[in-house]
file coords-v2.cif (mmCIF, C-alpha atoms (C1' of nucleotides))
data_data
#
loop_
_atom_site.label_atom_id
_atom_site.label_comp_id
_atom_site.auth_asym_id
_atom_site.auth_seq_id
_atom_site.Cartn_x
_atom_site.Cartn_y
_atom_site.Cartn_z
CA MET A 28 0.00 0.00 0.00
CA THR A 29 1.34 3.39 -0.95
CA ILE A 30 1.12 5.93 1.80
CA SER A 31 0.16 9.53 1.35
CA PRO A 32 2.97 11.86 2.36
CA ARG A 33 0.66 13.44 4.86
CA LEU A 34 -0.02 10.12 6.48
CA GLU A 35 3.68 9.65 6.72
CA ARG A 36 3.98 12.92 8.58
CA LEU A 37 1.44 11.54 10.96
CA ARG A 38 3.33 8.35 11.51
CA ASP A 39 6.65 10.14 11.79
CA ALA A 40 5.16 12.18 14.60
CA GLY A 41 4.62 8.94 16.50
CA TYR A 42 0.98 8.23 15.74
CA LYS A 43 -0.34 4.93 14.52
CA LEU A 44 -1.53 4.52 11.00
CA THR A 45 -5.14 3.41 11.28
CA THR A 46 -7.90 3.05 8.75
CA ALA A 47 -9.99 5.66 10.51
CA ARG A 48 -7.23 8.22 10.16
CA ALA A 49 -6.44 7.27 6.59
CA THR A 50 -10.09 7.51 5.61
CA VAL A 51 -10.63 10.91 7.16
CA LEU A 52 -7.55 12.33 5.54
CA GLY A 53 -8.48 10.67 2.26
CA VAL A 54 -11.86 12.33 2.30
CA ILE A 55 -10.41 15.74 2.93
CA GLU A 56 -7.72 15.30 0.31
CA SER A 57 -10.08 14.10 -2.39
CA HIS A 58 -12.47 16.93 -1.73
CA GLU A 59 -10.07 19.84 -2.27
CA GLY A 60 -11.31 23.01 -0.70
CA HIS A 61 -13.40 23.71 2.35
CA MET A 62 -15.47 21.13 4.17
CA THR A 63 -17.62 21.37 7.25
CA SER A 64 -17.39 18.68 9.88
CA ALA A 65 -20.84 17.51 8.85
CA GLU A 66 -19.71 16.96 5.28
CA ILE A 67 -16.63 15.11 6.43
CA LEU A 68 -18.65 12.96 8.78
CA ASP A 69 -21.01 12.16 5.97
CA GLU A 70 -18.38 11.28 3.40
CA VAL A 71 -16.43 9.20 5.86
CA SER A 72 -19.33 7.01 6.81
CA LYS A 73 -20.18 6.65 3.14
CA ARG A 74 -16.75 5.21 2.53
CA ASP A 75 -16.60 3.11 5.67
CA ALA A 76 -19.70 2.93 7.79
CA SER A 77 -17.84 1.24 10.62
CA ILE A 78 -15.93 4.39 11.52
CA GLY A 79 -17.41 6.17 14.50
CA ARG A 80 -18.11 9.86 14.91
CA ALA A 81 -15.72 10.19 17.80
CA SER A 82 -12.79 8.98 15.73
CA VAL A 83 -13.53 11.44 13.01
CA PHE A 84 -13.43 14.32 15.45
CA ARG A 85 -10.34 12.94 17.13
CA THR A 86 -8.66 12.75 13.75
CA LEU A 87 -9.67 16.29 12.88
CA ASP A 88 -8.08 17.43 16.11
CA LEU A 89 -4.96 15.48 15.41
CA LEU A 90 -4.61 16.73 11.85
CA THR A 91 -5.09 20.23 13.15
CA ARG A 92 -2.36 19.81 15.75
CA LEU A 93 -0.05 18.58 13.03
CA ALA A 94 -0.93 21.63 10.92
CA ILE A 95 -2.17 19.44 8.10
CA ILE A 96 -5.62 20.96 8.15
CA ARG A 97 -6.97 24.09 9.78
CA PRO A 98 -10.40 25.03 11.03
CA THR A 99 -11.39 28.38 9.73
CA TYR A 100 -14.11 30.98 9.79
CA THR A 101 -17.42 30.23 8.12
CA SER A 102 -20.41 32.22 9.16
CA GLY A 103 -20.70 34.10 12.41
CA SER A 104 -20.63 31.68 15.30
CA ALA A 105 -21.39 28.52 13.39
CA THR A 106 -19.23 25.45 13.00
CA PRO A 107 -15.83 25.76 11.41
CA ASN A 108 -14.75 24.79 7.94
CA TYR A 109 -11.74 22.56 7.62
CA VAL A 110 -9.17 23.53 5.08
CA LEU A 111 -6.23 21.58 3.76
CA MET A 112 -2.93 23.40 4.07
CA PRO A 113 -1.25 22.21 0.86
CA ASP A 114 2.29 23.29 1.56
CA GLY A 115 1.73 24.39 5.06
CA HIS A 116 -0.11 27.48 4.04
CA HIS A 117 -3.45 28.60 2.77
CA HIS A 118 -4.94 31.90 1.70
CA HIS A 119 -8.37 33.06 0.79
CA ILE A 120 -10.75 35.95 0.70
CA VAL A 121 -14.11 35.55 2.35
CA CYS A 122 -17.09 37.70 1.59
CA VAL A 123 -18.71 38.87 4.81
CA GLN A 124 -22.08 39.12 3.09
CA CYS A 125 -22.52 35.82 1.27
CA HIS A 126 -19.67 33.79 2.82
CA GLN A 127 -18.33 32.83 -0.57
CA THR A 128 -14.57 32.24 -0.51
CA ILE A 129 -12.02 33.04 -3.17
CA GLU A 130 -8.69 31.29 -2.98
CA PHE A 131 -5.44 32.81 -4.07
CA HIS A 132 -1.93 31.53 -3.97
CA ASP A 133 1.05 33.75 -3.65
CA CYS A 134 1.36 35.69 -0.46
CA GLY A 135 5.04 36.49 -0.13
CA LEU A 136 5.02 35.69 3.55
CA ALA A 137 8.14 33.56 3.67
CA VAL A 138 10.25 36.55 4.62
CA LEU A 139 7.96 37.56 7.45
CA SER A 140 7.83 33.97 8.63
CA GLU A 141 11.57 33.79 8.99
CA ARG A 142 11.74 37.09 10.77
CA LEU A 143 9.15 35.92 13.28
CA GLU A 144 11.00 32.68 13.91
CA GLU A 145 14.06 34.63 14.92
CA GLU A 146 12.20 37.25 16.87
CA PHE A 147 10.15 34.88 18.99
CA GLY A 148 12.25 31.73 18.97
CA VAL A 149 9.43 29.69 17.49
CA LYS A 150 9.47 27.10 14.75
CA LEU A 151 6.77 27.88 12.21
CA THR A 152 5.23 25.20 10.05
CA GLY A 153 2.52 27.06 8.21
CA HIS A 154 0.07 29.88 8.13
CA LEU A 155 -3.42 30.89 7.22
CA LEU A 156 -4.21 34.24 5.72
CA GLU A 157 -7.81 35.35 5.49
CA PHE A 158 -8.95 38.57 3.92
CA TYR A 159 -12.42 39.88 4.71
CA GLY A 160 -14.46 42.04 2.46
CA VAL A 161 -17.36 42.28 0.12
CA CYS A 162 -17.28 40.40 -3.15
CA GLU A 163 -18.16 41.95 -6.47
CA ALA A 164 -21.66 40.50 -6.66
CA CYS A 165 -22.58 41.57 -3.14
CA SER A 166 -21.26 45.08 -3.44
CA GLU A 167 -23.36 45.49 -6.57
CA ALA A 168 -26.42 44.17 -4.80
CA GLY A 169 -25.51 46.72 -2.11
CA VAL A 170 -27.10 45.10 0.90
CA ILE A 171 -26.05 46.80 4.11
CA ASP A 172 -23.09 48.90 4.94
CA GLU A 173 -23.14 51.51 2.24
CA GLU A 174 -21.96 54.87 3.39
CA MET B 16 -23.28 59.54 26.41
CA THR B 17 -20.15 59.24 24.30
CA ILE B 18 -20.34 56.52 21.72
CA SER B 19 -17.52 54.18 20.85
CA PRO B 20 -16.45 54.58 17.23
CA ARG B 21 -17.21 50.93 16.69
CA LEU B 22 -20.74 51.39 17.89
CA GLU B 23 -21.06 54.21 15.45
CA ARG B 24 -20.04 51.93 12.65
CA LEU B 25 -22.82 49.67 13.74
CA ARG B 26 -25.36 52.45 13.71
CA ASP B 27 -24.13 53.82 10.42
CA ALA B 28 -24.73 50.41 8.92
CA GLY B 29 -28.38 50.78 9.84
CA TYR B 30 -28.55 48.88 13.12
CA LYS B 31 -30.08 50.17 16.27
CA LEU B 32 -27.96 51.12 19.20
CA THR B 33 -29.13 48.94 22.05
CA THR B 34 -27.76 48.25 25.49
CA ALA B 35 -27.27 44.60 24.68
CA ARG B 36 -25.04 45.47 21.76
CA ALA B 37 -23.18 48.16 23.61
CA THR B 38 -22.51 45.84 26.52
CA VAL B 39 -21.22 42.99 24.40
CA LEU B 40 -18.90 45.24 22.46
CA GLY B 41 -17.83 46.92 25.68
CA VAL B 42 -16.85 43.60 27.18
CA ILE B 43 -14.80 42.61 24.17
CA GLU B 44 -13.12 45.98 23.98
CA SER B 45 -12.21 46.11 27.63
CA HIS B 46 -10.79 42.62 27.54
CA GLU B 47 -8.21 43.11 24.79
CA GLY B 48 -7.15 39.86 23.26
CA HIS B 49 -8.90 36.59 22.69
CA MET B 50 -12.14 35.59 24.36
CA THR B 51 -14.26 32.51 24.02
CA SER B 52 -18.00 32.87 23.76
CA ALA B 53 -18.30 31.42 27.24
CA GLU B 54 -16.10 34.15 28.67
CA ILE B 55 -18.04 36.81 26.84
CA LEU B 56 -21.34 35.37 28.00
CA ASP B 57 -20.05 35.36 31.53
CA GLU B 58 -18.71 38.89 31.54
CA VAL B 59 -21.82 40.26 29.89
CA SER B 60 -24.19 38.81 32.43
CA LYS B 61 -21.91 40.06 35.17
CA ARG B 62 -22.31 43.57 33.87
CA ASP B 63 -25.99 43.31 33.09
CA ALA B 64 -27.77 40.19 34.14
CA SER B 65 -30.86 41.12 32.18
CA ILE B 66 -29.17 40.48 28.84
CA GLY B 67 -30.09 37.14 27.35
CA ARG B 68 -27.81 34.56 25.81
CA ALA B 69 -29.50 34.80 22.45
CA SER B 70 -28.74 38.48 22.16
CA VAL B 71 -25.11 37.94 22.94
CA PHE B 72 -24.78 35.41 20.15
CA ARG B 73 -26.77 37.58 17.80
CA THR B 74 -24.46 40.46 18.56
CA LEU B 75 -21.38 38.33 18.00
CA ASP B 76 -22.76 37.41 14.61
CA LEU B 77 -23.48 41.00 13.81
CA LEU B 78 -20.07 42.24 14.88
CA THR B 79 -18.53 39.51 12.80
CA ARG B 80 -20.49 40.50 9.73
CA LEU B 81 -19.33 44.06 10.25
CA ALA B 82 -15.74 42.83 10.52
CA ILE B 83 -15.35 44.33 13.97
CA ILE B 84 -14.48 41.01 15.53
CA ARG B 85 -13.49 37.70 14.03
CA PRO B 86 -13.86 34.13 15.26
CA THR B 87 -10.68 32.11 15.08
CA TYR B 88 -10.15 28.47 15.89
CA THR B 89 -7.07 27.93 17.96
CA SER B 90 -7.71 24.45 19.19
CA GLY B 91 -8.98 21.64 17.03
CA SER B 92 -12.73 21.47 16.83
CA ALA B 93 -13.58 23.36 19.97
CA THR B 94 -15.40 26.65 20.20
CA PRO B 95 -13.97 29.69 18.50
CA ASN B 96 -12.11 32.56 20.07
CA TYR B 97 -13.33 36.01 19.23
CA VAL B 98 -10.69 38.51 18.34
CA LEU B 99 -10.98 42.26 17.99
CA MET B 100 -9.73 43.59 14.70
CA PRO B 101 -8.27 46.90 15.87
CA ASP B 102 -7.67 48.48 12.48
CA GLY B 103 -9.37 45.80 10.54
CA HIS B 104 -6.53 43.41 10.93
CA HIS B 105 -5.05 41.02 13.40
CA HIS B 106 -2.01 38.78 13.46
CA HIS B 107 -0.78 36.12 15.77
CA ILE B 108 1.25 33.00 16.10
CA VAL B 109 -0.40 29.99 17.67
CA CYS B 110 1.51 27.13 19.17
CA VAL B 111 0.07 23.86 17.93
CA GLN B 112 1.21 22.13 21.10
CA CYS B 113 -0.02 24.32 23.91
CA HIS B 114 -2.35 26.67 22.03
CA GLN B 115 -0.65 29.70 23.44
CA THR B 116 -0.87 32.68 21.12
CA ILE B 117 1.70 35.37 20.49
CA GLU B 118 0.53 38.57 18.90
CA PHE B 119 2.59 40.64 16.56
CA HIS B 120 1.82 43.79 14.70
CA ASP B 121 3.38 44.66 11.42
CA CYS B 122 2.60 42.38 8.54
CA GLY B 123 3.19 44.49 5.45
CA LEU B 124 0.07 43.16 3.80
CA ALA B 125 -1.34 46.46 2.62
CA VAL B 126 0.29 46.04 -0.76
CA LEU B 127 -1.06 42.54 -1.25
CA SER B 128 -4.48 43.71 -0.11
CA GLU B 129 -4.62 46.35 -2.79
CA ARG B 130 -3.45 43.96 -5.45
CA LEU B 131 -6.19 41.51 -4.54
CA GLU B 132 -8.85 44.18 -4.62
CA GLU B 133 -7.94 44.95 -8.19
CA GLU B 134 -7.49 41.37 -9.24
CA PHE B 135 -10.80 40.09 -7.90
CA GLY B 136 -12.93 43.21 -7.86
CA VAL B 137 -13.57 42.88 -4.13
CA LYS B 138 -13.59 45.53 -1.43
CA LEU B 139 -11.43 44.34 1.47
CA THR B 140 -11.99 45.57 4.97
CA GLY B 141 -9.54 43.55 6.96
CA HIS B 142 -7.57 40.39 7.36
CA LEU B 143 -6.44 37.79 9.82
CA LEU B 144 -3.03 36.22 9.63
CA GLU B 145 -2.27 33.17 11.71
CA PHE B 146 1.06 31.44 11.85
CA TYR B 147 1.25 27.92 13.20
CA GLY B 148 4.23 26.41 14.85
CA VAL B 149 5.83 25.30 18.05
CA CYS B 150 6.69 27.84 20.67
CA GLU B 151 10.03 27.99 22.42
CA ALA B 152 8.87 26.32 25.60
CA CYS B 153 7.21 23.44 23.80
CA SER B 154 10.07 22.74 21.47
CA GLU B 155 12.39 22.55 24.47
CA ALA B 156 10.03 20.19 26.23
CA GLY B 157 10.16 18.30 22.93
CA VAL B 158 6.85 16.52 23.15
CA ILE B 159 6.03 14.94 19.82
CA ASP B 160 7.23 15.76 16.37
CA GLU B 161 10.96 15.70 16.70
CA GLU B 162 12.73 14.26 13.69
"C1'" DA C 24 3.28 -15.20 17.23
"C1'" DT C 25 2.58 -12.42 21.10
"C1'" DG C 26 2.32 -8.52 24.12
"C1'" DT C 27 1.14 -3.80 25.04
"C1'" DA C 28 -0.25 0.60 24.61
"C1'" DA C 29 -2.61 3.42 21.54
"C1'" DA C 30 -6.72 3.92 19.08
"C1'" DT C 31 -11.32 2.69 18.16
"C1'" DG C 32 -16.65 2.57 18.18
"C1'" DA C 33 -20.83 2.83 20.71
"C1'" DT C 34 -23.49 5.44 23.44
"C1'" DA C 35 -24.71 8.46 26.86
"C1'" DC C 36 -23.98 13.03 27.77
"C1'" DC C 37 -23.36 18.08 27.79
"C1'" DA C 38 -22.97 22.70 26.21
"C1'" DC C 39 -23.06 25.81 22.54
"C1'" DG C 40 -25.80 28.02 19.75
"C1'" DT C 41 -30.55 28.48 17.47
"C1'" DC C 42 -35.53 29.13 17.10
"C1'" DT C 43 -39.88 30.95 18.39
"C1'" DC C 44 -42.68 34.39 20.01
"C1'" DA C 45 -44.72 37.71 22.82
"C1'" DA C 46 -42.94 41.89 25.03
"C1'" DT C 47 -39.94 45.93 24.70
"C1'" DA C 48 -37.40 49.78 23.31
"C1'" DA C 49 -35.00 52.63 19.49
"C1'" DG C 50 -35.56 55.96 16.36
"C1'" DC C 51 -38.29 58.89 13.65
"C1'" DA C 52 -41.93 62.07 12.67
"C1'" DT C 53 -44.98 65.12 14.40
"C1'" DA D 16 -42.67 65.14 24.73
"C1'" DT D 17 -45.83 61.74 22.36
"C1'" DG D 18 -47.06 58.17 19.76
"C1'" DC D 19 -46.12 55.04 15.84
"C1'" DT D 20 -43.50 51.43 13.58
"C1'" DT D 21 -40.35 48.11 13.33
"C1'" DA D 22 -36.14 46.12 14.83
"C1'" DT D 23 -34.55 43.94 18.69
"C1'" DT D 24 -34.96 41.75 22.84
"C1'" DG D 25 -35.24 37.94 26.72
"C1'" DA D 26 -36.98 33.61 28.10
"C1'" DG D 27 -36.87 29.14 27.46
"C1'" DA D 28 -37.48 25.01 24.75
"C1'" DC D 29 -34.97 22.78 21.35
"C1'" DG D 30 -31.34 20.64 18.19
"C1'" DT D 31 -27.06 19.29 17.20
"C1'" DG D 32 -22.05 19.36 17.17
"C1'" DG D 33 -18.66 17.68 19.77
"C1'" DT D 34 -16.87 15.14 24.06
"C1'" DA D 35 -16.21 11.68 27.89
"C1'" DT D 36 -16.27 6.99 29.16
"C1'" DC D 37 -15.02 2.42 28.67
"C1'" DA D 38 -14.73 -2.11 27.06
"C1'" DT D 39 -12.86 -3.94 22.72
"C1'" DT D 40 -9.81 -3.91 18.92
"C1'" DT D 41 -5.82 -2.85 16.24
"C1'" DA D 42 -1.10 -1.27 15.01
"C1'" DC D 43 3.34 -2.00 15.64
"C1'" DA D 44 7.66 -3.73 18.13
"C1'" DT D 45 9.92 -7.62 19.73
#
call {"tool": "encode", "arguments": {"input": "coords-v2.cif", "output": "structure tokens"}}
result
Amino acid sequence: MTISPRLERLRDAGYKLTTARATVLGVIESHEGHMTSAEILDEVSKRDASIGRASVFRTLDLLTRLAIIRPTYTSGSATPNYVLMPDGHHHHIVCVQCHQTIEFHDCGLAVLSERLEEEFGVKLTGHLLEFYGVCEACSEAGVIDEE
Amino acid sequence: MTISPRLERLRDAGYKLTTARATVLGVIESHEGHMTSAEILDEVSKRDASIGRASVFRTLDLLTRLAIIRPTYTSGSATPNYVLMPDGHHHHIVCVQCHQTIEFHDCGLAVLSERLEEEFGVKLTGHLLEFYGVCEACSEAGVIDEE
DNA sequence: ATGTAAATGATACCACGTCTCAATAAGCAT
DNA sequence: ATGCTTATTGAGACGTGGTATCATTTACAT
């Protein structure tokens, strides 16, 4: 069996390679982009009904700790969206009106990252950059917040 | 009564200026930094026990839509932390081991922000930049993840 | 093969956050 | 000030996402 490089990271960190973990990661990887926990739960049990809810959440926690995925803002106080961090980083714009997200790729943050590592003595593995604003469609519709 | 500039933003956007809203914002403003919804709930009812839970959550949603605060997910799938966005932006480093956060201030993202506005036709009001890594203390303790 | 500790699944459980709805208060016009 | 209109509120019931517990299973080392 070939092992996804991300699963290897998991094993290298001292965690066991289980089917539950592989399935959860597989689901997230195959479904590039944002997923809510409900969607993940759903897809996982479609692929392997024997996997319990608890394990899915435990795996999400674990993947988060390993900076493989990241929970991120959705709507106000609702449940998070999980986002894959392809090379340890992820960037998007989210529209505060309609919650649509636009992904973009170059951020030029490598320099800042290094500076911070020195300044604070930390070892950085990734980052998430979210911009907030109003998308084209919404600003044309002109809902609230026009001054 | 003098009105906080943030409350004014709220009113200018067409929302009424109520005690519930003022209290919630007041709590968040006075407690600079990160707060969970539980902490906010607690502080609010300490200041004014007549304010209901529902209104607090509604206000959090509203403030989020207005980009005055922002929920961020420091730990895995737990409840979000609400963060004030002083000038529309906020930056921190979060330790994936102990969940401690370190705030920093200059990010040099203004340039990128403008470029994105042009490229995607959006109007950006703020951003959140999170770095993930291992803090000094944790990497000395050397828990998991040493290669 | 066998042992052992980590991980799992089932389920009961809890808390966060939402919904509903009648009561209230903000803001405006007079 | 006064009254009108409508957004907003508080109370509480409700749903659901996520967690704790624990006996069972599984991964991995020897």
call {"tool": "closest_residue", "arguments": {"input": "coords-v2.cif", "among": "A:Arg92, A:Arg142, A:Lys43, A:His126", "to": "chain C", "atoms": "all atoms listed in the file"}}
result
A:Lys43
call {"tool": "residues_near_point", "arguments": {"input": "coords-v2.cif", "point": "(-20.7, 30.5, 27.3)", "cutoff": "10 Å", "atoms": "only C-alpha atoms (C1' of nucleotides)", "output": "CSV table (one decimal) with C-alpha atoms (C1' of nucleotides), keeping the file's coordinate frame"}}
result
chain,number,residue,atom,x,y,z
B,51,THR,CA,-14.3,32.5,24.0
B,52,SER,CA,-18.0,32.9,23.8
B,53,ALA,CA,-18.3,31.4,27.2
B,54,GLU,CA,-16.1,34.2,28.7
B,55,ILE,CA,-18.0,36.8,26.8
B,56,LEU,CA,-21.3,35.4,28.0
B,57,ASP,CA,-20.0,35.4,31.5
B,58,GLU,CA,-18.7,38.9,31.5
B,68,ARG,CA,-27.8,34.6,25.8
B,71,VAL,CA,-25.1,37.9,22.9
B,72,PHE,CA,-24.8,35.4,20.2
B,94,THR,CA,-15.4,26.6,20.2
C,38,DA,C1',-23.0,22.7,26.2
C,39,DC,C1',-23.1,25.8,22.5
C,40,DG,C1',-25.8,28.0,19.8
call {"tool": "resolve_selection", "arguments": {"input": "coords-v2.cif", "expression": "the PyMOL selection byres ((chain C) within 12 of (chain B))", "output": "MDAnalysis selection string"}}
result
chainID C and resid 38:43 47:50
call {"tool": "resolve_selection", "arguments": {"input": "coords-v2.cif", "expression": "the PyMOL selection byres ((chain C and resi 29-36) around 7)", "output": "PyMOL selection string"}}
result
(chain A and resi 78-79+82) or (chain C and resi 28+37) or (chain D and resi 40)
call {"tool": "closest_residue", "arguments": {"input": "coords-v2.cif", "among": "B:Gly29, B:Gly141, B:Gly103, B:Pro20", "to": "chain D", "atoms": "all atoms listed in the file"}}
result
B:Gly29
call {"tool": "residues_around", "arguments": {"input": "coords-v2.cif", "residues": "DA52 (chain C)", "least_positions_apart": "2", "cutoff": "12 Å", "atoms": "all atoms listed in the file", "output": "MDAnalysis selection string"}}
result
(chainID C and resid 50) or (chainID D and resid 17:20)
call {"tool": "atom_distance", "arguments": {"input": "coords-v2.cif", "atom1": "CA of Ile18 (chain B)", "atom2": "C1' of DT24 (chain D)"}}
result
20.8 Å
call {"tool": "atom_distance", "arguments": {"input": "coords-v2.cif", "atom1": "CA of Leu93 (chain A)", "atom2": "C1' of DA38 (chain D)"}}
result
29.0 Å
call {"tool": "resolve_selection", "arguments": {"input": "coords-v2.cif", "expression": "the PyMOL selection byres ((chain A) within 6 of (chain B))", "output": "list in words"}}
result
Ala40, Asp88, Thr91, Arg92, Pro98, Gly103, Val123, Gly148, Val149, Lys150, Leu151, Thr152, Gly153, His154, Leu155, Leu156, Glu157, Phe158, Tyr159, Gly160, Val161, Cys162, Glu163 and Asp172 of chain A
call {"tool": "atom_distance", "arguments": {"input": "coords-v2.cif", "atom1": "CA of Val59 (chain B)", "atom2": "CA of Val39 (chain B)"}}
result
6.2 Å
call {"tool": "closest_atom_pairs", "arguments": {"input": "coords-v2.cif", "of": "chain D", "to": "chain B", "cutoff": "8 Å", "atoms": "all atoms listed in the file", "output": "JSON lines"}}
result
{"residue": "D:DA22", "atom": "C1'", "partner": "B:Lys31", "partner_atom": "CA", "distance": 7.4}
{"residue": "D:DT24", "atom": "C1'", "partner": "B:Ser70", "partner_atom": "CA", "distance": 7.1}
{"residue": "D:DG25", "atom": "C1'", "partner": "B:Gly67", "partner_atom": "CA", "distance": 5.2}
{"residue": "D:DA26", "atom": "C1'", "partner": "B:Gly67", "partner_atom": "CA", "distance": 7.8}
{"residue": "D:DG33", "atom": "C1'", "partner": "B:Ala93", "partner_atom": "CA", "distance": 7.6}
call {"tool": "axis_aligned_box", "arguments": {"input": "coords-v2.cif", "around": "region 27-40 of chain C", "padding_each_side": "6 Å", "output": "AutoDock Vina command-line options"}}
result
--center_x -12.3 --center_y 12.1 --center_z 23.0 --size_x 38.9 --size_y 43.8 --size_z 21.6
call {"tool": "decode", "arguments": {"input": "coords-v2.cif", "residues": "region 17-46 of chain B", "atoms": "C-alpha atoms", "output": "short mmCIF file (atom, residue, chain, number, x, y, z; two decimals), in the first residue's frame"}}
result
data_model
loop_
_atom_site.label_atom_id
_atom_site.label_comp_id
_atom_site.auth_asym_id
_atom_site.auth_seq_id
_atom_site.Cartn_x
_atom_site.Cartn_y
_atom_site.Cartn_z
CA THR B 17 -20.15 59.24 24.30
CA ILE B 18 -20.34 56.52 21.72
CA SER B 19 -17.52 54.18 20.85
CA PRO B 20 -16.45 54.58 17.23
CA ARG B 21 -17.21 50.93 16.69
CA LEU B 22 -20.74 51.39 17.89
CA GLU B 23 -21.06 54.21 15.45
CA ARG B 24 -20.04 51.93 12.65
CA LEU B 25 -22.82 49.67 13.74
CA ARG B 26 -25.36 52.45 13.71
CA ASP B 27 -24.13 53.82 10.42
CA ALA B 28 -24.73 50.41 8.92
CA GLY B 29 -28.38 50.78 9.84
CA TYR B 30 -28.55 48.88 13.12
CA LYS B 31 -30.08 50.17 16.27
CA LEU B 32 -27.96 51.12 19.20
CA THR B 33 -29.13 48.94 22.05
CA THR B 34 -27.76 48.25 25.49
CA ALA B 35 -27.27 44.60 24.68
CA ARG B 36 -25.04 45.47 21.76
CA ALA B 37 -23.18 48.16 23.61
CA THR B 38 -22.51 45.84 26.52
CA VAL B 39 -21.22 42.99 24.40
CA LEU B 40 -18.90 45.24 22.46
CA GLY B 41 -17.83 46.92 25.68
CA VAL B 42 -16.85 43.60 27.18
CA ILE B 43 -14.80 42.61 24.17
CA GLU B 44 -13.12 45.98 23.98
CA SER B 45 -12.21 46.11 27.63
CA HIS B 46 -10.79 42.62 27.54
#
